[in-house]
Every structure is written in structure tokens, then in C-alpha cells.
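Here's the structure we're looking at; comments come further down.
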Amino acid sequence: MKYDKELKTIEDIIGDSHLSTSEDTPLRDDAFELTDSEKIEIIEKRVADILYTLGMDMTDDSLKGTPKRVAKMYINEIFSGLNPKNKPKASTFDNKYKYGEILVEKNITLYSTCEHHLLPIVGKAHIAYISNGNVVGLSKMNRIVQYYAQRPQVQERLTIQIVRELQEVLNTKDVACVIDAKHLCVNQRGIKDIASSTVTCEFGGVFKNQDKKQEFLDYIKLPTKF
């Protein structure tokens, strides 16, 4: 099949490397022609095939519901960020209190999935921005992180997508993000290095200035004692 040949070519090029091919999540033009229910039904059958191929007894009480559970989890939870209909509405407000310094939302819990092996990425995101006249609700920043994390991801792309989204929402380039995360594709398989983590960052606007960048990084280091 043409798809299989194209896939084999991509695998030969990328191999086991941790590569990102685009700042945008690679989606087909027809990605949302099927309904969620139709996708769940198809994925359920494919997961059952995988488990059966592995030699599992799919009539066992513990296993027979697994394919549907996995399919629903993919569509409704861990890959729900693929669907634009789930994008959070990030309303902004006038900065009436004239706060003009850095605002930092740190230690945002992040769960994502490595698109190379479909294993978890678990970590923390730290976001900062300087108002250009608008502010956004604090929880909306968490929701933006969650939205872009809930899809097959590469950490570099995720970091960029969070910054780009907040720049658009806030109408300012002055946005920064640092992510520190563990990748189970490194910790659980392959090299099996359980101690390592991956740090990525994206600095926009004034955060490209070393002083502002360092100020943001210093805020991240402040202990949270409550």
C-alpha cells in the first residue's frame, strides 16, 4: 500500500531519534471527518487486534473491556487536544490595575504522550508574560497547557505551541515558557535512564533580553511552601 511505503520511508529517516518535523501538530486535512463515536469504534477494534496478536485471551473478564476503555481514553482524554472543538476559550480582560511586571504561573502539572512511542511525558510547565494592556485568567493558562499537551507530542513543539497561543490571546510577544519533563520512552525503554529529564524553553519579545530571561528563571526557583 502507498501509505505503508510512505511510512517506511519516514521510519528510515527518523529511526529512533527524538525529532520534531513541524511547529504544528501533523494532522491530515480529513482528520475530523469521522465523528468521535466512529473513531472510538475503529480504535477499539485495532486495540483488540493488537492485544490478540500479543497472545492475550480477549475473553478474559479483565481484558474484554480494555479495547473500548483505551479507545475512549484516546478520544476523550489523552488525545482530546487534537480536536479544535476542545480548545479552551481564553477570554482576556483589561489590565485595569496597570500591573506592568512579569506575571509567572509556575509548576503547572503536565501530562502528555510522546508521539514516537506513545509513552507518557510527565512534568511541569512554567509560563510568564508581561501585559500589553490585556490579562488572562490564571486557570486559562493551565488549560492552554493541558490542551496542547493532550495529543501525541514532542516537547519542543509543545513549548512553542503554548507560547504562540498565549501571544495570540494576549496580543503581545512578551511570553515565555519553560518545561521540565520526564519521558517514559527514555525512562522505561531504550536506555532506561530513570534519573534524566528534558528541559525546553521558548522566549518571546522582551524575554529574549538576558535580564528579563534571568528574572523569569529566578522566579521559577522560588520555593512554593504551601
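Note on naming: chains are A, B, ... as they come in the C-alpha cells, residues start from 1 per chain, ligands start from 1 in the order shown.
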Please provide as a tab-separated table (two decimals) with N, CA and C atoms, in the first residue's frame all residues within 8 Å of Val135 of chain A, with the sequence filter that same-chain residues fewer than 5 positions apart are discarded (counting only C-alpha atoms).
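File produced: part_38.tsv:
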chain	number	residue	atom	x	y	z
A	92	THR	N	-9.88	37.51	27.51
A	92	THR	CA	-8.95	38.44	28.15
A	92	THR	C	-9.73	39.60	28.77
A	93	PHE	N	-9.06	40.31	29.67
A	93	PHE	CA	-9.65	41.44	30.37
A	93	PHE	C	-8.68	42.60	30.34
A	94	ASP	N	-9.23	43.80	30.46
A	94	ASP	CA	-8.37	44.97	30.52
A	94	ASP	C	-7.52	44.94	31.79
A	95	ASN	N	-6.28	45.33	31.64
A	95	ASN	CA	-5.36	45.38	32.77
A	95	ASN	C	-5.62	46.68	33.55
A	170	LEU	N	-3.05	37.15	24.15
A	170	LEU	CA	-2.73	38.36	24.89
A	170	LEU	C	-2.31	39.53	24.00
Might you pull out every residue within 10 Å of Arg164 of chain A, with only C-alpha atoms counted and same-chain residues fewer than 2 positions away left off, and present them as a PDB file with N, CA and C atoms, in the first residue's frame?
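Contents of out-v5.pdb, as written:
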ATOM      1  N   GLU A  23       6.370  22.901  13.747  1.00  0.00           N
ATOM      2  CA  GLU A  23       5.823  23.555  14.931  1.00  0.00           C
ATOM      3  C   GLU A  23       4.352  23.223  15.103  1.00  0.00           C
ATOM      4  N   LEU A 158       5.557  21.353  21.831  1.00  0.00           N
ATOM      5  CA  LEU A 158       4.615  21.723  22.880  1.00  0.00           C
ATOM      6  C   LEU A 158       4.984  23.078  23.488  1.00  0.00           C
ATOM      7  N   THR A 159       6.255  23.278  23.776  1.00  0.00           N
ATOM      8  CA  THR A 159       6.717  24.531  24.368  1.00  0.00           C
ATOM      9  C   THR A 159       6.417  25.708  23.453  1.00  0.00           C
ATOM     10  N   ILE A 160       6.698  25.531  22.171  1.00  0.00           N
ATOM     11  CA  ILE A 160       6.450  26.592  21.188  1.00  0.00           C
ATOM     12  C   ILE A 160       4.959  26.863  21.044  1.00  0.00           C
ATOM     13  N   GLN A 161       4.145  25.807  20.994  1.00  0.00           N
ATOM     14  CA  GLN A 161       2.703  25.987  20.808  1.00  0.00           C
ATOM     15  C   GLN A 161       2.074  26.750  21.965  1.00  0.00           C
ATOM     16  N   ILE A 162       2.518  26.476  23.175  1.00  0.00           N
ATOM     17  CA  ILE A 162       1.990  27.192  24.340  1.00  0.00           C
ATOM     18  C   ILE A 162       2.298  28.675  24.238  1.00  0.00           C
ATOM     19  N   LEU A 166      -0.488  31.840  23.660  1.00  0.00           N
ATOM     20  CA  LEU A 166      -0.620  32.943  24.621  1.00  0.00           C
ATOM     21  C   LEU A 166      -0.269  34.285  23.981  1.00  0.00           C
ATOM     22  N   GLN A 167       0.680  34.284  23.060  1.00  0.00           N
ATOM     23  CA  GLN A 167       0.992  35.522  22.342  1.00  0.00           C
ATOM     24  C   GLN A 167      -0.210  36.016  21.554  1.00  0.00           C
ATOM     25  N   GLU A 168      -0.926  35.075  20.949  1.00  0.00           N
ATOM     26  CA  GLU A 168      -2.113  35.448  20.184  1.00  0.00           C
ATOM     27  C   GLU A 168      -3.240  35.915  21.096  1.00  0.00           C
ATOM     28  N   VAL A 169      -3.453  35.177  22.188  1.00  0.00           N
ATOM     29  CA  VAL A 169      -4.528  35.515  23.117  1.00  0.00           C
ATOM     30  C   VAL A 169      -4.297  36.885  23.749  1.00  0.00           C
ATOM     31  N   THR A 172       0.548  40.060  22.522  1.00  0.00           N
ATOM     32  CA  THR A 172       1.886  40.516  22.879  1.00  0.00           C
ATOM     33  C   THR A 172       2.891  39.426  22.581  1.00  0.00           C
ATOM     34  N   LYS A 173       4.113  39.827  22.239  1.00  0.00           N
ATOM     35  CA  LYS A 173       5.197  38.865  22.032  1.00  0.00           C
ATOM     36  C   LYS A 173       5.865  38.493  23.351  1.00  0.00           C
ATOM     37  N   VAL A 175       5.997  36.709  25.995  1.00  0.00           N
ATOM     38  CA  VAL A 175       5.561  35.464  26.634  1.00  0.00           C
ATOM     39  C   VAL A 175       6.743  34.499  26.664  1.00  0.00           C
ATOM     40  N   ALA A 176       6.849  33.729  27.737  1.00  0.00           N
ATOM     41  CA  ALA A 176       7.927  32.742  27.861  1.00  0.00           C
ATOM     42  C   ALA A 176       7.388  31.466  28.484  1.00  0.00           C
ATOM     43  N   GLU A 202      11.088  28.488  25.454  1.00  0.00           N
ATOM     44  CA  GLU A 202      10.783  29.381  24.342  1.00  0.00           C
ATOM     45  C   GLU A 202      10.587  30.773  24.929  1.00  0.00           C
ATOM     46  N   GLY A 204       9.880  34.830  24.081  1.00  0.00           N
ATOM     47  CA  GLY A 204       9.407  35.779  23.080  1.00  0.00           C
ATOM     48  C   GLY A 204       9.524  37.204  23.575  1.00  0.00           C
TER      49      GLY A 204
END
I'd like a table as a tab-separated table: residues in segment 43-160 of chain A with an atom no more than 9 Å from segment 34-38 of chain A, each row giving the shortest atom pair and its distance in Å to one decimal, only C-alpha atoms counted, sorted by chain and rising residue number.
residue	atom	partner	partner_atom	distance
A:Ile43	CA	A:Glu38	CA	8.7
A:Lys72	CA	A:Ser37	CA	8.8
A:Ile75	CA	A:Asp36	CA	6.7
A:Asn76	CA	A:Asp36	CA	8.3
For this session: Would you mind writing down, as a PyMOL selection string, each residue of chain A that DSSP on the backbone assigns to strand (DSSP E or B)?
Result: chain A and resi 92-94+103-114+120-129+134-136+152-153+175-183+198-203
Hey, can you spit out that residue selection with C-alpha atoms as a tab-separated table (two decimals), in the first residue's frame?
chain	number	residue	atom	x	y	z
A	92	THR	CA	-8.95	38.44	28.15
A	93	PHE	CA	-9.65	41.44	30.37
A	94	ASP	CA	-8.37	44.97	30.52
A	103	LEU	CA	3.39	37.51	35.80
A	104	VAL	CA	4.53	33.92	36.34
A	105	GLU	CA	2.36	30.81	36.55
A	106	LYS	CA	4.74	28.05	37.60
A	107	ASN	CA	4.61	24.35	38.39
A	108	ILE	CA	1.70	23.64	36.04
A	109	THR	CA	1.34	19.86	36.07
A	110	LEU	CA	1.73	18.45	32.58
A	111	TYR	CA	0.79	15.06	31.18
A	112	SER	CA	1.40	14.39	27.53
A	113	THR	CA	2.28	11.49	25.21
A	114	CYS	CA	5.45	11.06	23.18
A	120	PRO	CA	3.81	9.29	28.75
A	121	ILE	CA	5.58	12.60	29.19
A	122	VAL	CA	5.17	13.88	32.76
A	123	GLY	CA	6.46	17.19	34.04
A	124	LYS	CA	5.94	20.82	34.93
A	125	ALA	CA	5.40	23.88	32.77
A	126	HIS	CA	6.30	27.40	33.85
A	127	ILE	CA	4.77	30.35	31.96
A	128	ALA	CA	5.38	34.09	32.12
A	129	TYR	CA	4.04	37.13	30.33
A	134	ASN	CA	-4.70	42.65	28.46
A	135	VAL	CA	-4.63	39.93	31.11
A	136	VAL	CA	-5.95	36.39	31.03
A	152	PRO	CA	0.81	12.91	20.56
A	153	GLN	CA	3.58	15.42	21.18
A	175	VAL	CA	5.56	35.46	26.63
A	176	ALA	CA	7.93	32.74	27.86
A	177	CYS	CA	7.64	29.07	28.74
A	178	VAL	CA	9.96	26.51	30.31
A	179	ILE	CA	9.04	22.83	30.53
A	180	ASP	CA	10.89	20.24	32.60
A	181	ALA	CA	9.58	16.72	31.97
A	182	LYS	CA	10.37	13.05	32.16
A	183	HIS	CA	9.86	10.93	29.04
A	198	THR	CA	14.25	17.06	29.44
A	199	VAL	CA	14.13	20.86	29.68
A	200	THR	CA	12.86	23.03	26.82
A	201	CYS	CA	12.23	26.76	26.64
A	202	GLU	CA	10.78	29.38	24.34
A	203	PHE	CA	11.32	33.09	24.95
